[in-house]
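Asks: For reference, the structure I am asking about is given below.
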Amino acid sequence: MPLAMREMLQKKISWLSLSPAHILESVKKDTCKAIVELSDGKRVETVLMKNARGQWTVCVSSQVGCAMACTFCATGSMGFTRNLLADEIVDQYRLWTAFLYERAEDKGKAERISNIVFMGMGEPLANYDNVKESIRLLLAHTDLGPTHITVSTVGLLPMLRKVLRDPEWPAVRLAVSLHSADAATRKAMMPSSFDTFLEDLIIWTAEYFEKHESRRRHLTFEYVMLSKVNDTEHHAEALIRFARRVGKVRINLIPYNFTGSVYRDSLPADFARFEALLKDAGVTVTRRRTMGDDIAAACGQLIVEKKA
Ligand code: SAH
């Protein structure tokens with residue numbers, strides 16, 4: 001393109017729909033968090049983490065704030081401001097791609113982003129259309145396949161049912177934030193829950209597998225471990241019963257990251273007992289590695305103070 005045209009494009013069309021206000025790096029250098037500013041001045045956070053394969057996973061936000069108000073989550077305490085546009089989601093990935101490129105000594109060998117998780121601020125299924133469009137764009141314009149993208153949801157059942165009926169919903173991995181298989185405990189932790197949630201989720205899961213047997217390995221239930229709240233023997237038994245009813249799925253235990261809430265993380269002995277009870281019952285269980293907690297970039301710690 002002629003120089004004049006390039007200059008005009010640069011002036012009129014911004015390269016990114018967001019700009020990084022701060023980038024923080026963890027002491028271990030395996031996690032970076034960016035606070036980014038959107039065109040209307042609102043701010044969200046996005047995280048870059050080194051994964052087990054030595055490549056990078058980007059954690060994207062899907063909303064400014066969140067309406068779900070989960071009691072253990074920092075984002076939940078800030079309330080909901082607005083949905084992110086598809087471009088604003090995709091640009092979190094583009095920001096980190098550029099960051100890794102800038103950082104590489106040999107530009108031909110910039111490190112690769114191999115996974116994207118929708119586990120930042122916001123409830124992705126409450127922003128269904130824009131999240132779906134952002135995934136479409138990512139699949140069309142990057143080297144990522146659908147099983148390298150994970151959408152994590154609080155379990156918005158009407159939207160989970162929509163996923164089931166929507167032929168255009170991509171074959172991405174889904175993670176459902178279960179956090180308790182005891183209805184009363186779950187409701188106390190997550191105001192979006194309700195008495196029949198677990199029963200309805202079991203029915204939804206059965207339908208999901210009926211429709212997409214091949215996606216069984218790509219559905220996970222997340223479980224944040226809160227001391228004496230959901231990590232007792234009673235809760236392990238409820239979770240085992242739940243897991244038996246939904247069939248073979250993976251339970252991902254998440255160590256609680258401190259957010260100033262009333263909760264404390266599970267004592268190591270309680271965590272180990274809970275994990276052992278599940279394993280002994282034949283439930284597939286994994287433990288999430290905590291990363292970036294020194295820069296408040298870990299799960300549930302993403303919050304941006306409202307500007308005065
Ligand atoms: N709204 C989506 C994405 C949220 S963040 C959802 O609810 O799934 C991704 C995961 O981090 C969720 O499972 C969420 O429940 C969990 N999480 C929230 N606060 C946390 C905390 N303080 N410590 C550990 N995990 C937390």
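By convention here, the chains of the structure tokens are called A, B, ... in the order presented, each chain's residues are numbered starting at 1, and ligands are numbered starting at 1 in the order presented.
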Give me, as an mmCIF file with all heavy atoms, in the first residue's frame, the set of residues whose atoms come within 8 Å of any atom of ligand 1, counting only C-alpha atoms and all ligand atoms.
Replies:
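The result, stored in pocket.cif:
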```cif
data_model
loop_
_atom_site.group_PDB
_atom_site.id
_atom_site.type_symbol
_atom_site.label_atom_id
_atom_site.label_comp_id
_atom_site.auth_asym_id
_atom_site.auth_seq_id
_atom_site.Cartn_x
_atom_site.Cartn_y
_atom_site.Cartn_z
ATOM 1 N N CYS A 66 -19.112 -8.732 36.389
ATOM 2 C CA CYS A 66 -19.891 -9.964 36.246
ATOM 3 C C CYS A 66 -21.132 -9.828 37.106
ATOM 4 O O CYS A 66 -21.087 -9.259 38.194
ATOM 5 C CB CYS A 66 -19.063 -11.160 36.720
ATOM 6 S SG CYS A 66 -19.867 -12.758 36.452
ATOM 7 N N MET A 68 -22.885 -12.472 38.170
ATOM 8 C CA MET A 68 -23.191 -13.743 38.849
ATOM 9 C C MET A 68 -22.969 -13.696 40.360
ATOM 10 O O MET A 68 -23.524 -14.496 41.099
ATOM 11 C CB MET A 68 -22.387 -14.890 38.217
ATOM 12 C CG MET A 68 -22.712 -15.114 36.754
ATOM 13 S SD MET A 68 -24.467 -15.534 36.519
ATOM 14 C CE MET A 68 -24.958 -14.323 35.312
ATOM 15 N N CYS A 70 -20.724 -14.649 42.477
ATOM 16 C CA CYS A 70 -20.226 -15.791 43.260
ATOM 17 C C CYS A 70 -19.461 -15.224 44.457
ATOM 18 O O CYS A 70 -18.638 -14.318 44.307
ATOM 19 C CB CYS A 70 -19.313 -16.682 42.413
ATOM 20 S SG CYS A 70 -20.180 -17.442 41.027
ATOM 21 N N PHE A 72 -17.113 -16.149 46.397
ATOM 22 C CA PHE A 72 -15.682 -16.380 46.614
ATOM 23 C C PHE A 72 -14.837 -15.704 45.541
ATOM 24 O O PHE A 72 -13.610 -15.798 45.562
ATOM 25 C CB PHE A 72 -15.411 -17.899 46.590
ATOM 26 C CG PHE A 72 -16.106 -18.577 45.429
ATOM 27 C CD1 PHE A 72 -15.503 -18.660 44.190
ATOM 28 C CD2 PHE A 72 -17.404 -19.065 45.575
ATOM 29 C CE1 PHE A 72 -16.154 -19.236 43.122
ATOM 30 C CE2 PHE A 72 -18.068 -19.648 44.497
ATOM 31 C CZ PHE A 72 -17.439 -19.730 43.271
ATOM 32 N N CYS A 73 -15.486 -15.040 44.579
ATOM 33 C CA CYS A 73 -14.774 -14.523 43.400
ATOM 34 C C CYS A 73 -14.679 -13.000 43.466
ATOM 35 O O CYS A 73 -15.678 -12.315 43.731
ATOM 36 C CB CYS A 73 -15.530 -14.953 42.142
ATOM 37 S SG CYS A 73 -14.836 -14.290 40.622
ATOM 38 N N ALA A 74 -13.474 -12.484 43.223
ATOM 39 C CA ALA A 74 -13.276 -11.032 43.302
ATOM 40 C C ALA A 74 -14.095 -10.303 42.237
ATOM 41 O O ALA A 74 -14.712 -9.267 42.504
ATOM 42 C CB ALA A 74 -11.796 -10.701 43.146
ATOM 43 N N THR A 75 -14.132 -10.860 41.021
ATOM 44 C CA THR A 75 -14.899 -10.202 39.952
ATOM 45 C C THR A 75 -16.376 -10.114 40.349
ATOM 46 O O THR A 75 -17.049 -9.122 40.069
ATOM 47 C CB THR A 75 -14.753 -10.962 38.622
ATOM 48 O OG1 THR A 75 -13.374 -11.209 38.370
ATOM 49 C CG2 THR A 75 -15.346 -10.182 37.474
ATOM 50 N N PHE A 118 -11.652 -19.140 28.527
ATOM 51 C CA PHE A 118 -12.566 -18.056 28.893
ATOM 52 C C PHE A 118 -12.797 -18.171 30.393
ATOM 53 O O PHE A 118 -13.838 -18.629 30.853
ATOM 54 C CB PHE A 118 -13.884 -18.171 28.118
ATOM 55 C CG PHE A 118 -13.789 -17.696 26.687
ATOM 56 C CD1 PHE A 118 -13.165 -18.477 25.724
ATOM 57 C CD2 PHE A 118 -14.315 -16.464 26.301
ATOM 58 C CE1 PHE A 118 -13.066 -18.047 24.411
ATOM 59 C CE2 PHE A 118 -14.230 -16.023 24.989
ATOM 60 C CZ PHE A 118 -13.600 -16.812 24.044
ATOM 61 N N MET A 119 -11.776 -17.807 31.145
ATOM 62 C CA MET A 119 -11.831 -17.930 32.607
ATOM 63 C C MET A 119 -11.423 -16.633 33.281
ATOM 64 O O MET A 119 -11.063 -16.611 34.450
ATOM 65 C CB MET A 119 -10.915 -19.075 33.075
ATOM 66 C CG MET A 119 -11.357 -20.440 32.585
ATOM 67 S SD MET A 119 -10.425 -21.764 33.371
ATOM 68 C CE MET A 119 -11.055 -23.198 32.489
ATOM 69 N N GLY A 120 -11.468 -15.546 32.522
ATOM 70 C CA GLY A 120 -11.152 -14.253 33.108
ATOM 71 C C GLY A 120 -12.407 -13.640 33.710
ATOM 72 O O GLY A 120 -13.284 -14.353 34.224
ATOM 73 N N MET A 121 -12.497 -12.323 33.620
ATOM 74 C CA MET A 121 -13.653 -11.660 34.221
ATOM 75 C C MET A 121 -14.908 -11.928 33.380
ATOM 76 O O MET A 121 -14.851 -11.935 32.157
ATOM 77 C CB MET A 121 -13.393 -10.155 34.266
ATOM 78 C CG MET A 121 -12.144 -9.821 35.060
ATOM 79 S SD MET A 121 -11.622 -8.125 34.837
ATOM 80 C CE MET A 121 -12.625 -7.330 36.034
ATOM 81 N N GLY A 122 -16.011 -12.138 34.091
ATOM 82 C CA GLY A 122 -17.282 -12.249 33.379
ATOM 83 C C GLY A 122 -17.780 -13.664 33.210
ATOM 84 O O GLY A 122 -17.049 -14.635 33.400
ATOM 85 N N GLU A 123 -19.054 -13.770 32.854
ATOM 86 C CA GLU A 123 -19.691 -15.064 32.594
ATOM 87 C C GLU A 123 -19.880 -15.168 31.071
ATOM 88 O O GLU A 123 -20.754 -14.515 30.498
ATOM 89 C CB GLU A 123 -21.038 -15.126 33.330
ATOM 90 C CG GLU A 123 -21.950 -16.261 32.932
ATOM 91 C CD GLU A 123 -21.281 -17.641 32.843
ATOM 92 O OE1 GLU A 123 -20.475 -17.990 33.711
ATOM 93 O OE2 GLU A 123 -21.565 -18.359 31.870
ATOM 94 N N PRO A 124 -19.042 -15.983 30.409
ATOM 95 C CA PRO A 124 -19.074 -16.007 28.944
ATOM 96 C C PRO A 124 -20.441 -16.338 28.346
ATOM 97 O O PRO A 124 -20.837 -15.752 27.338
ATOM 98 C CB PRO A 124 -18.034 -17.067 28.565
ATOM 99 C CG PRO A 124 -17.456 -17.584 29.814
ATOM 100 C CD PRO A 124 -17.974 -16.814 30.970
ATOM 101 N N VAL A 151 -14.387 -22.830 27.283
ATOM 102 C CA VAL A 151 -15.318 -21.838 27.814
ATOM 103 C C VAL A 151 -15.766 -22.321 29.197
ATOM 104 O O VAL A 151 -16.300 -23.419 29.334
ATOM 105 C CB VAL A 151 -16.534 -21.659 26.878
ATOM 106 C CG1 VAL A 151 -17.579 -20.744 27.510
ATOM 107 C CG2 VAL A 151 -16.083 -21.101 25.525
ATOM 108 N N SER A 152 -15.510 -21.494 30.201
ATOM 109 C CA SER A 152 -15.887 -21.860 31.567
ATOM 110 C C SER A 152 -17.155 -21.100 31.938
ATOM 111 O O SER A 152 -17.246 -19.896 31.739
ATOM 112 C CB SER A 152 -14.752 -21.484 32.520
ATOM 113 O OG SER A 152 -15.111 -21.748 33.856
ATOM 114 N N THR A 153 -18.130 -21.817 32.477
ATOM 115 C CA THR A 153 -19.408 -21.170 32.805
ATOM 116 C C THR A 153 -19.858 -21.499 34.222
ATOM 117 O O THR A 153 -19.597 -22.591 34.736
ATOM 118 C CB THR A 153 -20.521 -21.584 31.817
ATOM 119 O OG1 THR A 153 -21.779 -21.051 32.292
ATOM 120 C CG2 THR A 153 -20.645 -23.096 31.690
ATOM 121 N N VAL A 154 -20.536 -20.546 34.809
ATOM 122 C CA VAL A 154 -21.124 -20.727 36.132
ATOM 123 C C VAL A 154 -22.229 -21.801 36.071
ATOM 124 O O VAL A 154 -22.668 -22.308 37.088
ATOM 125 C CB VAL A 154 -21.665 -19.354 36.622
ATOM 126 C CG1 VAL A 154 -22.927 -18.970 35.859
ATOM 127 C CG2 VAL A 154 -21.900 -19.310 38.101
ATOM 128 N N GLY A 155 -22.642 -22.132 34.832
ATOM 129 C CA GLY A 155 -23.684 -23.130 34.635
ATOM 130 C C GLY A 155 -25.030 -22.493 34.344
ATOM 131 O O GLY A 155 -26.049 -22.902 34.899
ATOM 132 N N ALA A 175 -16.227 -26.043 30.527
ATOM 133 C CA ALA A 175 -15.949 -26.304 31.940
ATOM 134 C C ALA A 175 -17.107 -25.693 32.727
ATOM 135 O O ALA A 175 -17.440 -24.527 32.526
ATOM 136 C CB ALA A 175 -14.630 -25.664 32.344
ATOM 137 N N VAL A 176 -17.739 -26.501 33.554
ATOM 138 C CA VAL A 176 -18.857 -25.990 34.343
ATOM 139 C C VAL A 176 -18.387 -25.826 35.791
ATOM 140 O O VAL A 176 -17.837 -26.759 36.387
ATOM 141 C CB VAL A 176 -20.078 -26.942 34.274
ATOM 142 C CG1 VAL A 176 -21.210 -26.432 35.162
ATOM 143 C CG2 VAL A 176 -20.556 -27.088 32.832
ATOM 144 N N SER A 177 -18.575 -24.629 36.322
ATOM 145 C CA SER A 177 -18.196 -24.364 37.708
ATOM 146 C C SER A 177 -19.238 -24.975 38.630
ATOM 147 O O SER A 177 -20.288 -24.389 38.861
ATOM 148 C CB SER A 177 -18.096 -22.854 37.922
ATOM 149 O OG SER A 177 -17.033 -22.349 37.147
ATOM 150 N N LEU A 178 -18.928 -26.161 39.114
ATOM 151 C CA LEU A 178 -19.886 -26.891 39.947
ATOM 152 C C LEU A 178 -19.768 -26.438 41.406
ATOM 153 O O LEU A 178 -20.723 -25.970 42.000
ATOM 154 C CB LEU A 178 -19.606 -28.394 39.815
ATOM 155 C CG LEU A 178 -20.578 -29.329 40.518
ATOM 156 C CD1 LEU A 178 -21.945 -29.283 39.867
ATOM 157 C CD2 LEU A 178 -20.040 -30.761 40.510
ATOM 158 N N HIS A 179 -18.566 -26.594 41.926
ATOM 159 C CA HIS A 179 -18.184 -26.114 43.265
ATOM 160 C C HIS A 179 -18.890 -26.773 44.443
ATOM 161 O O HIS A 179 -18.425 -26.686 45.561
ATOM 162 C CB HIS A 179 -18.293 -24.589 43.374
ATOM 163 C CG HIS A 179 -17.440 -23.859 42.379
ATOM 164 N ND1 HIS A 179 -16.242 -24.348 41.922
ATOM 165 C CD2 HIS A 179 -17.613 -22.668 41.743
ATOM 166 C CE1 HIS A 179 -15.711 -23.490 41.053
ATOM 167 N NE2 HIS A 179 -16.524 -22.470 40.918
ATOM 168 N N GLU A 222 -15.575 -27.896 37.399
ATOM 169 C CA GLU A 222 -14.589 -27.230 38.255
ATOM 170 C C GLU A 222 -15.104 -27.195 39.691
ATOM 171 O O GLU A 222 -16.320 -27.082 39.934
ATOM 172 C CB GLU A 222 -14.351 -25.798 37.759
ATOM 173 C CG GLU A 222 -13.763 -25.740 36.365
ATOM 174 C CD GLU A 222 -13.917 -24.363 35.744
ATOM 175 O OE1 GLU A 222 -15.038 -24.037 35.303
ATOM 176 O OE2 GLU A 222 -12.924 -23.618 35.711
ATOM 177 N N TYR A 223 -14.151 -27.251 40.621
ATOM 178 C CA TYR A 223 -14.544 -27.348 42.038
ATOM 179 C C TYR A 223 -13.524 -26.597 42.872
ATOM 180 O O TYR A 223 -12.406 -27.069 43.094
ATOM 181 C CB TYR A 223 -14.594 -28.833 42.417
ATOM 182 C CG TYR A 223 -15.406 -29.149 43.655
ATOM 183 C CD1 TYR A 223 -16.678 -29.684 43.550
ATOM 184 C CD2 TYR A 223 -14.883 -28.922 44.927
ATOM 185 C CE1 TYR A 223 -17.422 -29.992 44.683
ATOM 186 C CE2 TYR A 223 -15.626 -29.224 46.065
ATOM 187 C CZ TYR A 223 -16.888 -29.760 45.930
ATOM 188 O OH TYR A 223 -17.627 -30.069 47.055
ATOM 189 N N VAL A 224 -13.864 -25.396 43.317
ATOM 190 C CA VAL A 224 -12.947 -24.592 44.129
ATOM 191 C C VAL A 224 -13.033 -25.076 45.575
ATOM 192 O O VAL A 224 -14.127 -25.229 46.126
ATOM 193 C CB VAL A 224 -13.253 -23.076 44.005
ATOM 194 C CG1 VAL A 224 -14.640 -22.721 44.482
ATOM 195 C CG2 VAL A 224 -12.215 -22.253 44.760
ATOM 196 N N MET A 225 -11.902 -25.357 46.168
ATOM 197 C CA MET A 225 -11.873 -26.006 47.483
ATOM 198 C C MET A 225 -11.870 -24.980 48.624
ATOM 199 O O MET A 225 -10.863 -24.299 48.859
ATOM 200 C CB MET A 225 -10.625 -26.883 47.578
ATOM 201 C CG MET A 225 -10.627 -28.039 46.578
ATOM 202 S SD MET A 225 -11.832 -29.318 47.008
ATOM 203 C CE MET A 225 -10.975 -30.113 48.365
ATOM 204 N N ILE A 254 -9.795 -26.891 42.279
ATOM 205 C CA ILE A 254 -9.055 -25.630 42.205
ATOM 206 C C ILE A 254 -8.720 -25.159 43.621
ATOM 207 O O ILE A 254 -9.638 -24.944 44.421
ATOM 208 C CB ILE A 254 -9.891 -24.512 41.529
ATOM 209 C CG1 ILE A 254 -10.591 -25.023 40.255
ATOM 210 C CG2 ILE A 254 -9.042 -23.299 41.227
ATOM 211 C CD1 ILE A 254 -11.475 -23.973 39.579
ATOM 212 N N PRO A 255 -7.440 -24.995 43.928
ATOM 213 C CA PRO A 255 -7.118 -24.392 45.233
ATOM 214 C C PRO A 255 -7.697 -22.977 45.261
ATOM 215 O O PRO A 255 -7.606 -22.244 44.274
ATOM 216 C CB PRO A 255 -5.584 -24.357 45.244
ATOM 217 C CG PRO A 255 -5.155 -25.340 44.205
ATOM 218 C CD PRO A 255 -6.243 -25.329 43.151
ATOM 219 N N TYR A 256 -8.313 -22.624 46.394
ATOM 220 C CA TYR A 256 -8.917 -21.285 46.513
ATOM 221 C C TYR A 256 -7.823 -20.218 46.544
ATOM 222 O O TYR A 256 -6.837 -20.339 47.264
ATOM 223 C CB TYR A 256 -9.750 -21.236 47.807
ATOM 224 C CG TYR A 256 -10.207 -19.841 48.189
ATOM 225 C CD1 TYR A 256 -11.093 -19.135 47.383
ATOM 226 C CD2 TYR A 256 -9.747 -19.234 49.365
ATOM 227 C CE1 TYR A 256 -11.516 -17.863 47.739
ATOM 228 C CE2 TYR A 256 -10.170 -17.967 49.731
ATOM 229 C CZ TYR A 256 -11.050 -17.276 48.909
ATOM 230 O OH TYR A 256 -11.457 -16.021 49.257
ATOM 231 N N ASN A 257 -8.015 -19.196 45.763
ATOM 232 C CA ASN A 257 -7.101 -18.050 45.787
ATOM 233 C C ASN A 257 -7.762 -16.941 46.594
ATOM 234 O O ASN A 257 -8.920 -16.606 46.348
ATOM 235 C CB ASN A 257 -6.836 -17.569 44.355
ATOM 236 C CG ASN A 257 -6.216 -18.683 43.533
ATOM 237 O OD1 ASN A 257 -5.219 -19.260 43.927
ATOM 238 N ND2 ASN A 257 -6.829 -19.003 42.410
ATOM 239 N N PHE A 258 -7.010 -16.393 47.495
ATOM 240 C CA PHE A 258 -7.611 -15.447 48.424
ATOM 241 C C PHE A 258 -8.131 -14.195 47.717
ATOM 242 O O PHE A 258 -7.450 -13.611 46.868
ATOM 243 C CB PHE A 258 -6.622 -15.059 49.523
ATOM 244 C CG PHE A 258 -7.297 -14.260 50.594
ATOM 245 C CD1 PHE A 258 -8.277 -14.847 51.387
ATOM 246 C CD2 PHE A 258 -7.001 -12.926 50.786
ATOM 247 C CE1 PHE A 258 -8.937 -14.109 52.363
ATOM 248 C CE2 PHE A 258 -7.646 -12.178 51.759
ATOM 249 C CZ PHE A 258 -8.619 -12.778 52.546
ATOM 250 N N THR A 259 -9.358 -13.804 48.049
ATOM 251 C CA THR A 259 -9.963 -12.640 47.403
ATOM 252 C C THR A 259 -10.558 -11.673 48.422
ATOM 253 O O THR A 259 -11.338 -10.802 48.074
ATOM 254 C CB THR A 259 -11.105 -13.080 46.459
ATOM 255 O OG1 THR A 259 -12.073 -13.825 47.240
ATOM 256 C CG2 THR A 259 -10.622 -13.943 45.328
ATOM 257 N N ALA A 298 -4.454 -14.971 39.624
ATOM 258 C CA ALA A 298 -4.966 -16.339 39.697
ATOM 259 C C ALA A 298 -6.493 -16.341 39.577
ATOM 260 O O ALA A 298 -7.135 -15.297 39.668
ATOM 261 C CB ALA A 298 -4.513 -16.977 41.004
ATOM 262 N N CYS A 299 -7.067 -17.545 39.392
ATOM 263 C CA CYS A 299 -8.521 -17.689 39.225
ATOM 264 C C CYS A 299 -9.253 -16.905 40.303
ATOM 265 O O CYS A 299 -8.957 -17.056 41.482
ATOM 266 C CB CYS A 299 -8.960 -19.136 39.382
ATOM 267 S SG CYS A 299 -8.153 -20.287 38.315
ATOM 268 N N GLY A 300 -10.202 -16.135 39.904
ATOM 269 C CA GLY A 300 -11.073 -15.465 40.867
ATOM 270 C C GLY A 300 -10.490 -14.194 41.446
ATOM 271 O O GLY A 300 -11.147 -13.493 42.197
ATOM 272 N N GLN A 301 -9.242 -13.870 41.077
ATOM 273 C CA GLN A 301 -8.621 -12.674 41.669
ATOM 274 C C GLN A 301 -8.696 -11.453 40.761
ATOM 275 O O GLN A 301 -8.152 -10.405 41.098
ATOM 276 C CB GLN A 301 -7.151 -12.959 42.015
ATOM 277 C CG GLN A 301 -7.002 -13.952 43.156
ATOM 278 C CD GLN A 301 -5.559 -14.130 43.574
ATOM 279 O OE1 GLN A 301 -4.679 -14.223 42.732
ATOM 280 N NE2 GLN A 301 -5.317 -14.162 44.872
#
```
Asks: Hey, what does DSSP flag as alpha helix (DSSP H) within segment 194-253 of chain A? Can you give it to me as a list in words?
Replies: Phe197, Leu198, Glu199, Asp200, Leu201, Ile202, Ile203, Trp204, Thr205, Ala206, Glu207, Tyr208, Phe209, Glu210, Lys211, Glu233, His234, His235, Ala236, Glu237, Ala238, Leu239, Ile240, Arg241, Phe242, Ala243, Arg244, Arg245 and Val246 of chain A
Asks: Of the residues A:Arg250, A:Ala183, A:Pro167, A:Lys11, which is the one nearest to Lys211 of chain A, using only C-alpha atoms?
Replies: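 Of A:Arg250, A:Ala183, A:Pro167, A:Lys11, the one nearest Lys211 of chain A is A:Pro167, counting only C-alpha atoms.
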Asks: Select from segment 207-231 of chain A every residue with an atom at most 12 Å from any atom of segment 184-188 of chain A, then for each give the shortest pair of atoms and their distance in Å to one decimal, using only C-alpha atoms, rows by chain and rising number, as a Markdown table.
Replies:
```
| residue | atom | partner | partner_atom | distance |
| --- | --- | --- | --- | --- |
| A:Tyr223 | CA | A:Arg186 | CA | 10.7 |
| A:Val224 | CA | A:Arg186 | CA | 11.2 |
| A:Leu226 | CA | A:Thr185 | CA | 11.1 |
| A:Lys228 | CA | A:Thr185 | CA | 10.9 |
| A:Val229 | CA | A:Thr185 | CA | 7.4 |
| A:Asn230 | CA | A:Thr185 | CA | 7.1 |
| A:Asp231 | CA | A:Thr185 | CA | 10.8 |
```
Asks: Would you save the residues from that selection as a tab-separated table (two decimals), in the first residue's frame, using N, CA and C atoms?
Replies:
```tsv
chain	number	residue	atom	x	y	z
A	223	TYR	N	-14.15	-27.25	40.62
A	223	TYR	CA	-14.54	-27.35	42.04
A	223	TYR	C	-13.52	-26.60	42.87
A	224	VAL	N	-13.86	-25.40	43.32
A	224	VAL	CA	-12.95	-24.59	44.13
A	224	VAL	C	-13.03	-25.08	45.57
A	226	LEU	N	-13.00	-24.88	49.32
A	226	LEU	CA	-13.13	-23.92	50.42
A	226	LEU	C	-13.18	-24.66	51.75
A	228	LYS	N	-13.90	-26.31	55.03
A	228	LYS	CA	-15.08	-26.64	55.83
A	228	LYS	C	-16.40	-26.23	55.15
A	229	VAL	N	-16.32	-25.68	53.97
A	229	VAL	CA	-17.55	-25.24	53.28
A	229	VAL	C	-17.99	-26.31	52.29
A	230	ASN	N	-17.06	-26.79	51.46
A	230	ASN	CA	-17.42	-27.80	50.46
A	230	ASN	C	-16.37	-28.91	50.37
A	231	ASP	N	-15.48	-28.98	51.37
A	231	ASP	CA	-14.40	-29.97	51.29
A	231	ASP	C	-14.49	-31.07	52.34
```
Asks: When you look at Ser61 of chain A with a cut-off of 12 Å (counting only C-alpha atoms), what residues show up, excluding the ones that are within fewer than 2 positions of it in the same chain? I need them as a ChimeraX atom specification.
Replies: /A:33-36,43-48,58-59,63-66,75,82-93,116-125,127,130-131,134,151-152,299-300,302-304
Asks: Determine the nearest neighbour of Cys32 of chain A from the options A:Ile202, A:Leu139, A:Ala296, A:Met190, counting only C-alpha atoms.
Replies: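 Closest candidate: A:Ala296.
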